[in-house]
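*Asks:* Please find my_file.pdb (PDB, C-alpha atoms and all ligand atoms) on the next line:
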```pdb
ATOM      1  CA  MET A   1      72.987 209.563  68.293
ATOM      2  CA  THR A   2      72.548 209.124  72.009
ATOM      3  CA  TYR A   3      69.378 209.654  73.986
ATOM      4  CA  THR A   4      70.528 212.971  75.405
ATOM      5  CA  ASP A   5      70.448 214.367  71.843
ATOM      6  CA  PHE A   6      66.685 213.749  71.961
ATOM      7  CA  GLY A   7      66.214 215.432  75.359
ATOM      8  CA  LEU A   8      65.509 212.066  77.013
ATOM      9  CA  VAL A   9      66.691 210.958  80.444
ATOM     10  CA  ASN A  10      67.416 207.510  81.810
ATOM     11  CA  THR A  11      65.317 206.255  84.711
ATOM     12  CA  ARG A  12      67.903 206.596  87.500
ATOM     13  CA  ASP A  13      66.920 209.951  88.988
ATOM     14  CA  MET A  14      63.205 209.505  88.412
ATOM     15  CA  PHE A  15      63.255 206.160  90.220
ATOM     16  CA  ARG A  16      65.313 207.491  93.114
ATOM     17  CA  ASP A  17      62.842 210.320  93.619
ATOM     18  CA  ALA A  18      59.846 207.993  93.282
ATOM     19  CA  LEU A  19      61.302 205.613  95.845
ATOM     20  CA  ASP A  20      62.124 208.453  98.242
ATOM     21  CA  ARG A  21      58.734 210.109  97.969
ATOM     22  CA  GLY A  22      56.462 207.092  97.571
ATOM     23  CA  TYR A  23      54.965 207.329  94.109
ATOM     24  CA  ALA A  24      55.262 205.343  90.872
ATOM     25  CA  VAL A  25      56.484 206.545  87.503
ATOM     26  CA  PRO A  26      53.920 205.573  84.859
ATOM     27  CA  ALA A  27      55.155 203.519  81.927
ATOM     28  CA  PHE A  28      52.591 203.867  79.178
ATOM     29  CA  ASN A  29      52.974 201.849  75.988
ATOM     30  CA  PHE A  30      52.489 203.559  72.639
ATOM     31  CA  TYR A  31      52.556 202.456  69.002
ATOM     32  CA  ASN A  32      51.499 205.400  66.856
ATOM     33  CA  MET A  33      51.406 209.195  66.769
ATOM     34  CA  GLU A  34      48.066 209.451  68.549
ATOM     35  CA  THR A  35      49.001 207.296  71.531
ATOM     36  CA  LEU A  36      52.337 209.105  71.866
ATOM     37  CA  GLN A  37      50.624 212.503  71.773
ATOM     38  CA  ALA A  38      48.010 211.363  74.285
ATOM     39  CA  ILE A  39      50.596 210.137  76.802
ATOM     40  CA  MET A  40      52.768 213.229  76.445
ATOM     41  CA  ASP A  41      49.780 215.546  76.731
ATOM     42  CA  ALA A  42      48.749 213.825  79.968
ATOM     43  CA  ALA A  43      52.273 213.858  81.424
ATOM     44  CA  ARG A  44      52.830 217.517  80.568
ATOM     45  CA  THR A  45      49.455 218.650  81.874
ATOM     46  CA  GLU A  46      50.011 216.774  85.115
ATOM     47  CA  GLN A  47      53.716 217.665  85.399
ATOM     48  CA  SER A  48      54.431 213.959  85.810
ATOM     49  CA  PRO A  49      57.569 212.079  84.887
ATOM     50  CA  VAL A  50      56.769 209.453  82.280
ATOM     51  CA  ILE A  51      58.290 206.400  80.658
ATOM     52  CA  LEU A  52      57.366 206.004  77.010
ATOM     53  CA  ALA A  53      57.309 202.244  76.550
ATOM     54  CA  VAL A  54      57.826 200.589  73.165
ATOM     55  CA  SER A  55      57.529 196.842  72.741
ATOM     56  CA  GLU A  56      59.526 195.091  70.051
ATOM     57  CA  SER A  57      56.370 194.632  68.001
ATOM     58  CA  ALA A  58      55.488 198.326  68.417
ATOM     59  CA  LEU A  59      58.998 199.248  67.280
ATOM     60  CA  LYS A  60      58.548 197.103  64.198
ATOM     61  CA  TYR A  61      55.090 198.612  63.578
ATOM     62  CA  MET A  62      56.347 202.222  63.689
ATOM     63  CA  GLY A  63      59.830 201.661  62.293
ATOM     64  CA  GLY A  64      62.852 202.900  64.215
ATOM     65  CA  ASP A  65      63.474 206.000  62.094
ATOM     66  CA  LEU A  66      59.896 207.215  62.207
ATOM     67  CA  LEU A  67      59.719 206.534  65.938
ATOM     68  CA  MET A  68      62.842 208.560  66.643
ATOM     69  CA  GLY A  69      61.555 211.294  64.330
ATOM     70  CA  MET A  70      58.445 211.542  66.481
ATOM     71  CA  ILE A  71      60.550 211.615  69.654
ATOM     72  CA  ARG A  72      62.625 214.432  68.182
ATOM     73  CA  GLY A  73      59.390 216.237  67.354
ATOM     74  CA  LEU A  74      58.423 216.271  71.037
ATOM     75  CA  LYS A  75      61.223 218.810  71.613
ATOM     76  CA  LEU A  76      62.051 217.401  75.032
ATOM     77  CA  ASP A  77      64.176 219.408  77.442
ATOM     78  CA  GLY A  78      66.023 216.729  79.403
ATOM     79  CA  ARG A  79      63.444 216.575  82.190
ATOM     80  CA  GLY A  80      61.359 213.586  83.155
ATOM     81  CA  VAL A  81      60.832 211.624  79.921
ATOM     82  CA  ALA A  82      62.475 208.249  79.298
ATOM     83  CA  LEU A  83      62.165 206.134  76.157
ATOM     84  CA  HIS A  84      62.104 202.499  77.158
ATOM     85  CA  LEU A  85      62.299 199.190  75.308
ATOM     86  CA  ASP A  86      59.579 197.019  76.812
ATOM     87  CA  HIS A  87      60.152 193.247  77.024
ATOM     88  CA  GLY A  88      63.350 193.181  74.967
ATOM     89  CA  GLY A  89      63.508 189.522  73.978
ATOM     90  CA  SER A  90      67.241 189.269  73.301
ATOM     91  CA  VAL A  91      70.552 190.906  74.086
ATOM     92  CA  ALA A  92      70.703 192.010  70.441
ATOM     93  CA  ALA A  93      67.323 193.741  70.649
ATOM     94  CA  ALA A  94      68.337 195.632  73.786
ATOM     95  CA  ARG A  95      71.651 196.719  72.273
ATOM     96  CA  ALA A  96      69.901 197.872  69.088
ATOM     97  CA  ALA A  97      67.517 199.996  71.152
ATOM     98  CA  VAL A  98      70.453 201.645  72.945
ATOM     99  CA  ASP A  99      72.015 202.383  69.556
ATOM    100  CA  LEU A 100      68.750 203.862  68.286
ATOM    101  CA  GLY A 101      68.561 206.355  71.172
ATOM    102  CA  PHE A 102      66.512 204.629  73.876
ATOM    103  CA  SER A 103      67.402 205.766  77.395
ATOM    104  CA  SER A 104      66.188 202.634  79.180
ATOM    105  CA  VAL A 105      65.878 199.004  78.120
ATOM    106  CA  MET A 106      64.271 195.895  79.471
ATOM    107  CA  ILE A 107      65.816 192.512  78.901
ATOM    108  CA  ASP A 108      63.129 189.950  79.524
ATOM    109  CA  ALA A 109      64.826 186.588  79.841
ATOM    110  CA  SER A 110      62.441 185.531  82.591
ATOM    111  CA  LYS A 111      61.375 182.396  80.753
ATOM    112  CA  LEU A 112      64.961 181.102  80.703
ATOM    113  CA  PRO A 113      66.582 179.244  83.595
ATOM    114  CA  MET A 114      67.890 181.634  86.258
ATOM    115  CA  ASP A 115      71.552 181.342  85.237
ATOM    116  CA  GLU A 116      70.747 182.117  81.592
ATOM    117  CA  ASN A 117      68.588 185.043  82.682
ATOM    118  CA  ILE A 118      71.538 186.318  84.740
ATOM    119  CA  ALA A 119      73.953 185.894  81.830
ATOM    120  CA  ALA A 120      71.712 187.737  79.336
ATOM    121  CA  THR A 121      70.969 190.512  81.826
ATOM    122  CA  ARG A 122      74.662 190.955  82.641
ATOM    123  CA  ASP A 123      75.443 191.345  78.921
ATOM    124  CA  VAL A 124      72.764 194.004  78.526
ATOM    125  CA  VAL A 125      73.814 195.831  81.706
ATOM    126  CA  ALA A 126      77.435 195.989  80.503
ATOM    127  CA  TYR A 127      76.474 197.496  77.146
ATOM    128  CA  ALA A 128      73.728 199.780  78.427
ATOM    129  CA  HIS A 129      75.671 201.158  81.384
ATOM    130  CA  ALA A 130      78.583 201.966  79.080
ATOM    131  CA  HIS A 131      76.067 204.321  77.385
ATOM    132  CA  ASP A 132      74.498 205.486  80.682
ATOM    133  CA  VAL A 133      71.284 203.682  79.757
ATOM    134  CA  THR A 134      69.371 202.033  82.608
ATOM    135  CA  VAL A 135      68.255 198.399  82.566
ATOM    136  CA  GLU A 136      65.184 196.550  83.808
ATOM    137  CA  ALA A 137      65.041 192.781  84.018
ATOM    138  CA  GLU A 138      62.358 190.328  85.082
ATOM    139  CA  LEU A 139      62.328 187.437  87.469
ATOM    140  CA  GLY A 140      59.460 185.016  87.898
ATOM    141  CA  VAL A 141      56.711 184.204  85.456
ATOM    142  CA  LEU A 142      53.950 186.719  85.028
ATOM    143  CA  ALA A 143      50.690 184.876  85.173
ATOM    144  CA  GLY A 144      47.287 185.324  86.683
ATOM    145  CA  ILE A 145      46.265 183.956  90.026
ATOM    146  CA  GLU A 146      44.038 181.698  87.975
ATOM    147  CA  ASP A 147      47.088 179.857  86.664
ATOM    148  CA  GLU A 148      49.020 177.059  88.288
ATOM    149  CA  ASN A 149      50.898 179.109  90.821
ATOM    150  CA  THR A 150      50.533 176.754  93.704
ATOM    151  CA  ALA A 151      53.151 174.079  92.994
ATOM    152  CA  SER A 152      55.278 175.434  95.845
ATOM    153  CA  GLU A 153      54.993 178.314  98.285
ATOM    154  CA  TYR A 154      56.215 180.611  95.536
ATOM    155  CA  GLY A 155      55.246 178.728  92.379
ATOM    156  CA  ASN A 156      55.905 181.040  89.453
ATOM    157  CA  TYR A 157      56.001 184.126  91.653
ATOM    158  CA  THR A 158      59.327 185.846  92.205
ATOM    159  CA  HIS A 159      61.194 184.203  95.071
ATOM    160  CA  PRO A 160      62.846 186.793  97.357
ATOM    161  CA  ASP A 161      66.022 184.649  97.585
ATOM    162  CA  ASP A 162      66.245 184.612  93.783
ATOM    163  CA  ALA A 163      65.665 188.353  93.627
ATOM    164  CA  GLU A 164      68.564 189.032  96.000
ATOM    165  CA  ARG A 165      70.902 186.727  94.094
ATOM    166  CA  PHE A 166      69.808 188.064  90.707
ATOM    167  CA  VAL A 167      70.284 191.719  91.586
ATOM    168  CA  ALA A 168      73.707 191.098  93.139
ATOM    169  CA  ALA A 169      74.817 189.088  90.101
ATOM    170  CA  THR A 170      73.579 191.472  87.412
ATOM    171  CA  GLY A 171      73.758 195.047  88.718
ATOM    172  CA  VAL A 172      70.374 195.687  87.151
ATOM    173  CA  ASP A 173      68.724 199.075  87.856
ATOM    174  CA  SER A 174      65.168 197.852  88.412
ATOM    175  CA  LEU A 175      63.390 194.538  88.623
ATOM    176  CA  ALA A 176      60.006 193.397  87.347
ATOM    177  CA  VAL A 177      58.472 190.983  89.812
ATOM    178  CA  ALA A 178      55.711 188.411  89.457
ATOM    179  CA  VAL A 179      53.249 188.899  92.310
ATOM    180  CA  GLY A 180      49.940 188.099  90.637
ATOM    181  CA  THR A 181      49.573 190.616  87.816
ATOM    182  CA  SER A 182      49.289 189.443  84.215
ATOM    183  CA  HIS A 183      49.220 191.036  80.781
ATOM    184  CA  GLY A 184      46.033 191.767  78.889
ATOM    185  CA  ALA A 185      42.426 192.448  79.839
ATOM    186  CA  TYR A 186      41.568 189.175  81.616
ATOM    187  CA  LYS A 187      43.532 189.188  84.827
ATOM    188  CA  ARG A 188      41.069 188.151  87.478
ATOM    189  CA  LYS A 189      38.219 185.734  88.113
ATOM    190  CA  SER A 190      36.765 188.019  90.768
ATOM    191  CA  ASP A 191      37.209 191.526  92.155
ATOM    192  CA  THR A 192      38.357 190.148  95.488
ATOM    193  CA  GLU A 193      41.506 188.355  94.299
ATOM    194  CA  GLU A 194      44.538 190.025  95.815
ATOM    195  CA  LEU A 195      48.086 190.447  94.662
ATOM    196  CA  ARG A 196      50.731 188.599  96.695
ATOM    197  CA  PHE A 197      51.587 191.522  98.943
ATOM    198  CA  ASP A 198      53.441 189.169 101.290
ATOM    199  CA  ILE A 199      55.958 188.361  98.547
ATOM    200  CA  LEU A 200      56.173 191.966  97.384
ATOM    201  CA  ASN A 201      56.798 193.156 100.912
ATOM    202  CA  GLU A 202      59.514 190.543 101.482
ATOM    203  CA  ILE A 203      61.345 191.555  98.291
ATOM    204  CA  ALA A 204      61.040 195.246  99.151
ATOM    205  CA  THR A 205      62.343 194.603 102.670
ATOM    206  CA  ARG A 206      65.349 192.636 101.477
ATOM    207  CA  LEU A 207      66.189 195.040  98.644
ATOM    208  CA  PRO A 208      65.174 198.430 100.055
ATOM    209  CA  HIS A 209      66.973 200.509  97.428
ATOM    210  CA  LEU A 210      65.798 198.577  94.386
ATOM    211  CA  PRO A 211      63.011 200.070  92.261
ATOM    212  CA  LEU A 212      60.417 197.345  91.653
ATOM    213  CA  VAL A 213      58.266 197.172  88.532
ATOM    214  CA  LEU A 214      54.742 195.895  88.037
ATOM    215  CA  HIS A 215      53.930 194.628  84.578
ATOM    216  CA  GLY A 216      50.414 193.678  83.613
ATOM    217  CA  ALA A 217      49.096 196.404  85.890
ATOM    218  CA  SER A 218      46.171 197.761  83.897
ATOM    219  CA  SER A 219      43.048 198.299  85.951
ATOM    220  CA  VAL A 220      40.768 197.564  82.951
ATOM    221  CA  PRO A 221      38.199 200.289  83.766
ATOM    222  CA  PRO A 222      34.730 198.714  83.541
ATOM    223  CA  HIS A 223      33.264 201.722  81.701
ATOM    224  CA  PHE A 224      35.516 201.060  78.704
ATOM    225  CA  VAL A 225      34.667 197.368  78.660
ATOM    226  CA  ASP A 226      30.938 198.159  78.910
ATOM    227  CA  GLN A 227      31.143 200.769  76.158
ATOM    228  CA  ILE A 228      32.954 198.420  73.790
ATOM    229  CA  ASN A 229      30.511 195.577  74.500
ATOM    230  CA  ARG A 230      27.516 197.893  74.096
ATOM    231  CA  LEU A 231      28.733 199.231  70.749
ATOM    232  CA  GLY A 232      29.253 195.968  68.929
ATOM    233  CA  GLY A 233      32.381 194.633  70.591
ATOM    234  CA  ASP A 234      32.639 191.302  72.319
ATOM    235  CA  LEU A 235      35.106 191.462  75.186
ATOM    236  CA  GLY A 236      33.045 189.396  77.553
ATOM    237  CA  VAL A 237      33.980 189.819  81.199
ATOM    238  CA  ALA A 238      37.324 191.586  81.287
ATOM    239  CA  ARG A 239      38.789 192.438  84.669
ATOM    240  CA  GLY A 240      41.975 194.210  85.789
ATOM    241  CA  ILE A 241      43.880 195.010  88.961
ATOM    242  CA  ALA A 242      41.845 197.157  91.344
ATOM    243  CA  PRO A 243      43.315 200.664  91.762
ATOM    244  CA  ASP A 244      43.497 200.323  95.553
ATOM    245  CA  GLN A 245      45.733 197.254  95.143
ATOM    246  CA  LEU A 246      48.004 199.185  92.794
ATOM    247  CA  ARG A 247      48.194 202.036  95.296
ATOM    248  CA  ARG A 248      49.082 199.558  98.025
ATOM    249  CA  ALA A 249      51.824 198.125  95.799
ATOM    250  CA  VAL A 250      53.242 201.626  95.370
ATOM    251  CA  SER A 251      53.691 201.768  99.144
ATOM    252  CA  MET A 252      55.925 198.664  98.835
ATOM    253  CA  HIS A 253      58.596 200.089  96.525
ATOM    254  CA  VAL A 254      56.812 199.602  93.229
ATOM    255  CA  THR A 255      58.252 202.592  91.403
ATOM    256  CA  LYS A 256      57.190 201.798  87.838
ATOM    257  CA  ILE A 257      53.725 200.669  86.804
ATOM    258  CA  ASN A 258      53.182 199.429  83.247
ATOM    259  CA  VAL A 259      49.932 200.187  81.488
ATOM    260  CA  ASP A 260      49.080 199.217  77.941
ATOM    261  CA  SER A 261      45.697 197.468  77.921
ATOM    262  CA  ASP A 262      43.873 200.413  79.533
ATOM    263  CA  SER A 263      45.001 202.720  76.721
ATOM    264  CA  ARG A 264      43.965 200.156  74.111
ATOM    265  CA  LEU A 265      40.541 199.901  75.736
ATOM    266  CA  ALA A 266      40.131 203.688  75.951
ATOM    267  CA  PHE A 267      41.172 204.039  72.295
ATOM    268  CA  THR A 268      38.850 201.305  71.045
ATOM    269  CA  ALA A 269      35.864 202.450  73.097
ATOM    270  CA  ALA A 270      36.240 205.989  71.721
ATOM    271  CA  VAL A 271      36.576 204.833  68.108
ATOM    272  CA  ARG A 272      33.444 202.706  68.443
ATOM    273  CA  ALA A 273      31.521 205.599  70.010
ATOM    274  CA  SER A 274      32.670 208.096  67.381
ATOM    275  CA  LEU A 275      31.749 205.844  64.458
ATOM    276  CA  THR A 276      28.402 204.981  66.047
ATOM    277  CA  GLU A 277      27.542 208.634  66.647
ATOM    278  CA  ASN A 278      28.506 209.607  63.115
ATOM    279  CA  PRO A 279      27.748 206.649  60.835
ATOM    280  CA  ALA A 280      28.277 208.686  57.675
ATOM    281  CA  GLY A 281      31.714 209.914  58.749
ATOM    282  CA  PHE A 282      34.847 208.558  57.144
ATOM    283  CA  ASP A 283      37.544 211.039  58.103
ATOM    284  CA  PRO A 284      39.972 209.066  60.298
ATOM    285  CA  ARG A 285      41.058 212.291  61.995
ATOM    286  CA  LYS A 286      37.617 212.544  63.586
ATOM    287  CA  TYR A 287      37.625 209.185  65.302
ATOM    288  CA  LEU A 288      41.365 209.266  65.969
ATOM    289  CA  THR A 289      40.927 212.608  67.734
ATOM    290  CA  ALA A 290      38.257 211.025  69.918
ATOM    291  CA  ALA A 291      40.587 208.094  70.587
ATOM    292  CA  ARG A 292      43.542 210.343  71.402
ATOM    293  CA  ASP A 293      41.451 212.385  73.839
ATOM    294  CA  ALA A 294      40.176 209.242  75.547
ATOM    295  CA  VAL A 295      43.670 207.812  76.004
ATOM    296  CA  ARG A 296      44.907 211.162  77.338
ATOM    297  CA  ASP A 297      42.035 211.439  79.825
ATOM    298  CA  ASN A 298      42.645 207.915  81.082
ATOM    299  CA  CYS A 299      46.390 208.556  81.474
ATOM    300  CA  VAL A 300      45.585 211.720  83.454
ATOM    301  CA  ASP A 301      43.236 209.742  85.656
ATOM    302  CA  GLU A 302      45.840 207.044  86.348
ATOM    303  CA  ILE A 303      48.624 209.567  86.951
ATOM    304  CA  ARG A 304      46.444 211.276  89.550
ATOM    305  CA  HIS A 305      44.730 208.347  91.209
ATOM    306  CA  ILE A 306      47.042 205.321  90.814
ATOM    307  CA  MET A 307      50.613 206.503  90.249
ATOM    308  CA  ASN A 308      50.428 209.559  92.526
ATOM    309  CA  SER A 309      52.984 211.092  90.153
ATOM    310  CA  ALA A 310      51.256 214.404  89.355
ATOM    311  CA  GLY A 311      53.482 217.387  90.058
ATOM    312  CA  ARG A 312      56.561 215.174  90.550
ATOM    313  CA  LEU A 313      58.540 216.313  87.518
ATOM    314  CA  ILE A 314      62.144 216.919  88.578
TER     315      ILE A 314
HETATM  316  O1  LIG B 401      53.694 193.751  77.783
HETATM  317  C1  LIG B 401      53.442 193.780  76.575
HETATM  318  C2  LIG B 401      52.858 195.014  76.009
HETATM  319  O2  LIG B 401      51.505 195.107  76.346
HETATM  320  C3  LIG B 401      53.121 195.123  74.538
HETATM  321  O3  LIG B 401      52.419 194.230  73.754
HETATM  322  O4  LIG B 401      53.826 193.325  71.853
HETATM  323  O5  LIG B 401      51.349 193.655  71.619
HETATM  324  O6  LIG B 401      52.882 195.618  71.699
HETATM  325  P1  LIG B 401      52.639 194.192  72.148
HETATM  326  P1  LIG B 402      48.750 195.508  80.738
HETATM  327  O1  LIG B 402      48.392 194.481  79.703
HETATM  328  O2  LIG B 402      48.162 195.185  82.068
HETATM  329  O3  LIG B 402      48.424 196.907  80.321
HETATM  330  O4  LIG B 402      50.347 195.439  80.954
HETATM  331  C1  LIG B 402      51.207 196.195  80.157
HETATM  332  C2  LIG B 402      52.624 195.812  80.339
HETATM  333  O5  LIG B 402      53.014 195.136  81.271
HETATM  334  C3  LIG B 402      53.572 196.307  79.347
HETATM  335  O6  LIG B 402      54.855 195.818  79.566
HETATM  336 ZN    ZN B 403      54.839 193.860  80.441
END
```
Could I get this file's structure written as structure tokens?
Ligand code: G3H
Ligand code: 13P
Ligand code: ZN

*Replies:*
Amino acid sequence: MTYTDFGLVNTRDMFRDALDRGYAVPAFNFYNMETLQAIMDAARTEQSPVILAVSESALKYMGGDLLMGMIRGLKLDGRGVALHLDHGGSVAAARAAVDLGFSSVMIDASKLPMDENIAATRDVVAYAHAHDVTVEAELGVLAGIEDENTASEYGNYTHPDDAERFVAATGVDSLAVAVGTSHGAYKRKSDTEELRFDILNEIATRLPHLPLVLHGASSVPPHFVDQINRLGGDLGVARGIAPDQLRRAVSMHVTKINVDSDSRLAFTAAVRASLTENPAGFDPRKYLTAARDAVRDNCVDEIRHIMNSAGRLI
């Protein structure tokens, strides 16, 4: 089976259009039927291209056969939906995803020395491109501004020289860069901390045709955090990347923005609210419907106000 049998597309055309017209394609992570339905509902309603992102642990959680059964059930028509392996940790994992029917894969060898990252990425590019599957790689270490990023001018951020060398050596289709975002719900000490737009701009200037990717780009909407904390949760002070910074990044060739934590927060806040409002209820479909609606509404909001990808389906 190849991805075209599932009505999926690779990311090549969607990225070219996003780069030309100055928007980002949303990559939303999912791990069950409800999150998949929520993302697809949002993308269809908004006529947005979308990347369905599956981490290795999410793939294990769903099982490959069940996952591909759900993808088949979407009855896709070959327009605007890519299925993407997120943070593939090995060449073998990326190849297996291609074989399963993924249309895009990430090889994340960013923790390895540069030459090993290049070697692993080249292996994945050779296999994936032979199947017309697109490849994302990562350079630099994704960490918060709160971490030790000051050892040199660039620290763990992506060095523009490295980015140029890496892209030339690998032929990768898109590159995840480290410019101050980080995974999870605790990204910032304050609302005023900025991404390293100077580095982002330098990379975009040197590699004008390369789609850039922001991982760890959830905005961590305060209303979800407040709702969870109010209804028995204990998230403390969680803080994401401000939407205006994400929009600014989109103006600097960021053509894919990854969001997982925001959907998890929306889901959890809705489950807590549903169970609190109906303490005698025990039908999971009730609180999962609330969760699915909340994830969908948040995806719609981000498609409209962060990605600027509404109405961009090609
Ligand atoms: O970037 C990582 C994603 O948020 C996936 O995380 O391995 O817990 O599914 P996960
Ligand atoms: P967040 O934790 O900010 O949602 O990042 C998700 C991500 O980068 C998935 O690859
Ligand atoms: Zn990520």

*Asks:* With the cut-off set at 7 Å and counting only C-alpha atoms and all ligand atoms, tabulate each residue of chain A with an atom at most that distance from an atom of ligand ZN 403 (chain B), showing the nearest atom pair and its distance in Å to one decimal, ordered by chain and increasing number, as a Markdown table.

*Replies:*
```
| residue | atom | partner | partner_atom | distance |
| --- | --- | --- | --- | --- |
| A:Asp86 | CA | B:ZN403 | ZN | 6.8 |
| A:His87 | CA | B:ZN403 | ZN | 6.3 |
| A:His183 | CA | B:ZN403 | ZN | 6.3 |
| A:His215 | CA | B:ZN403 | ZN | 4.3 |
| A:Gly216 | CA | B:ZN403 | ZN | 5.4 |
| A:Asn258 | CA | B:ZN403 | ZN | 6.5 |
```

*Asks:* Rank nothing, just name the residue among A:Gly63, A:Gly180, A:Pro211, A:Pro279 nearest to ligand LIG 402 (chain B), using all atoms listed in the file.

*Replies:*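 Of A:Gly63, A:Gly180, A:Pro211, A:Pro279, the one nearest ligand LIG 402 (chain B), counting all atoms listed in the file, is A:Gly180.
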
*Asks:* Write out as an mmCIF file with C-alpha atoms, in the coordinates of the input each polymer residue (protein, DNA or RNA) that has an atom no more than 9 Å from ligand LIG 401 (chain B), with only C-alpha atoms and all ligand atoms counted.

*Replies:*
```
data_model
loop_
_atom_site.group_PDB
_atom_site.id
_atom_site.type_symbol
_atom_site.label_atom_id
_atom_site.label_comp_id
_atom_site.auth_asym_id
_atom_site.auth_seq_id
_atom_site.Cartn_x
_atom_site.Cartn_y
_atom_site.Cartn_z
ATOM 1 C CA ASN A 29 52.974 201.849 75.988
ATOM 2 C CA PHE A 30 52.489 203.559 72.639
ATOM 3 C CA TYR A 31 52.556 202.456 69.002
ATOM 4 C CA ALA A 53 57.309 202.244 76.550
ATOM 5 C CA VAL A 54 57.826 200.589 73.165
ATOM 6 C CA SER A 55 57.529 196.842 72.741
ATOM 7 C CA GLU A 56 59.526 195.091 70.051
ATOM 8 C CA SER A 57 56.370 194.632 68.001
ATOM 9 C CA ALA A 58 55.488 198.326 68.417
ATOM 10 C CA LEU A 59 58.998 199.248 67.280
ATOM 11 C CA TYR A 61 55.090 198.612 63.578
ATOM 12 C CA ASP A 86 59.579 197.019 76.812
ATOM 13 C CA HIS A 87 60.152 193.247 77.024
ATOM 14 C CA SER A 182 49.289 189.443 84.215
ATOM 15 C CA HIS A 183 49.220 191.036 80.781
ATOM 16 C CA GLY A 184 46.033 191.767 78.889
ATOM 17 C CA HIS A 215 53.930 194.628 84.578
ATOM 18 C CA GLY A 216 50.414 193.678 83.613
ATOM 19 C CA ASN A 258 53.182 199.429 83.247
ATOM 20 C CA VAL A 259 49.932 200.187 81.488
ATOM 21 C CA ASP A 260 49.080 199.217 77.941
ATOM 22 C CA SER A 261 45.697 197.468 77.921
#
```

*Asks:* Just the residues within 12 Å of Ala217 (chain A), please, counting all atoms listed in the file, with nothing from its chain fewer than 3 positions along; format it as a PyMOL selection string.

*Replies:* chain A and resi 24+26-29+142-144+176-188+195+213-214+220-221+239-247+249-250+254+256-263+302+306-307

*Asks:* Would you please work out which residue, of A:Leu85, A:Val133, A:Met1, A:Val271, is nearest to ligand LIG 402 (chain B) when using all atoms listed in the file?

*Replies:* A:Leu85

*Asks:* Provide the CA of Leu175 (chain A) to CA of Met70 (chain A) distance in Å, to one decimal place.

*Replies:* 28.4 Å

*Asks:* Here's a test: counting all atoms listed in the file, identify every protein, DNA and RNA residue with an atom at most 10 Å from (65.7, 211.7, 87.6) in the file's coordinate frame, and state them as a list in words.

*Replies:*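 Selection result: Val9, Asn10, Thr11, Arg12, Asp13, Met14, Phe15, Arg16, Asp17, Ala18, Pro49, Gly78, Arg79, Gly80, Val81, Ala82, Leu313 and Ile314 of chain A.
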
*Asks:* One decimal, Å: what's the distance from atom P1 of ligand LIG 402 (chain B) over to CA of Val125 (chain A), could you say?

*Replies:*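 Distance reported for this atom pair: 25.1 Å.
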
*Asks:* Looking at A:Gly7, A:Gly233, A:Pro208, A:Gly64, which one is nearest to Asn32 (chain A), with distances taken over all atoms listed in the file?

*Replies:*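 Of the candidates, the smallest distance to Asn32 (chain A) is held by A:Gly64.
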
*Asks:* Counting all atoms listed in the file, figure out which residue out of A:His223, A:His253, A:Arg312, A:Arg264 gets nearest to ligand LIG 402 (chain B).

*Replies:*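 Closest to ligand LIG 402 (chain B), using all atoms listed in the file: A:Arg264.
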
*Asks:* Of the candidates A:Glu34, A:Asp162, A:Glu136, A:Asp191, which one gets nearest to ligand LIG 402 (chain B) if we count all atoms listed in the file?

*Replies:*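 Nearest to ligand LIG 402 (chain B): A:Glu136.
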
*Asks:* Taking 3 positions as the minimum chain separation for residues in the same chain, which residues sit within 12 Å of Gln37 (chain A) when counting only C-alpha atoms? Answer as a list in words.

*Replies:*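 Listing them by chain and then by number gives Phe28, Asn29, Phe30, Tyr31, Asn32, Met33, Glu34, Met40, Asp41, Ala42, Ala43, Arg44, Thr45, Leu52, Met70, Ile71, Gly73, Leu74, Leu288, Thr289, Ala291, Arg292, Asp293, Ala294, Val295, Arg296, Asp297 and Cys299 of chain A.
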
*Asks:* Using only C-alpha atoms and all ligand atoms, can you tell me which of A:Thr205, A:Asn229, A:Thr2, A:Ser219 comes closest to ligand LIG 402 (chain B)?

*Replies:*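 Comparing A:Thr205, A:Asn229, A:Thr2, A:Ser219 against ligand LIG 402 (chain B), the winner is A:Ser219.
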
*Asks:* How far is it from CA of Glu202 (chain A) to CA of Tyr157 (chain A), in Å with one decimal?

*Replies:* 12.3 Å
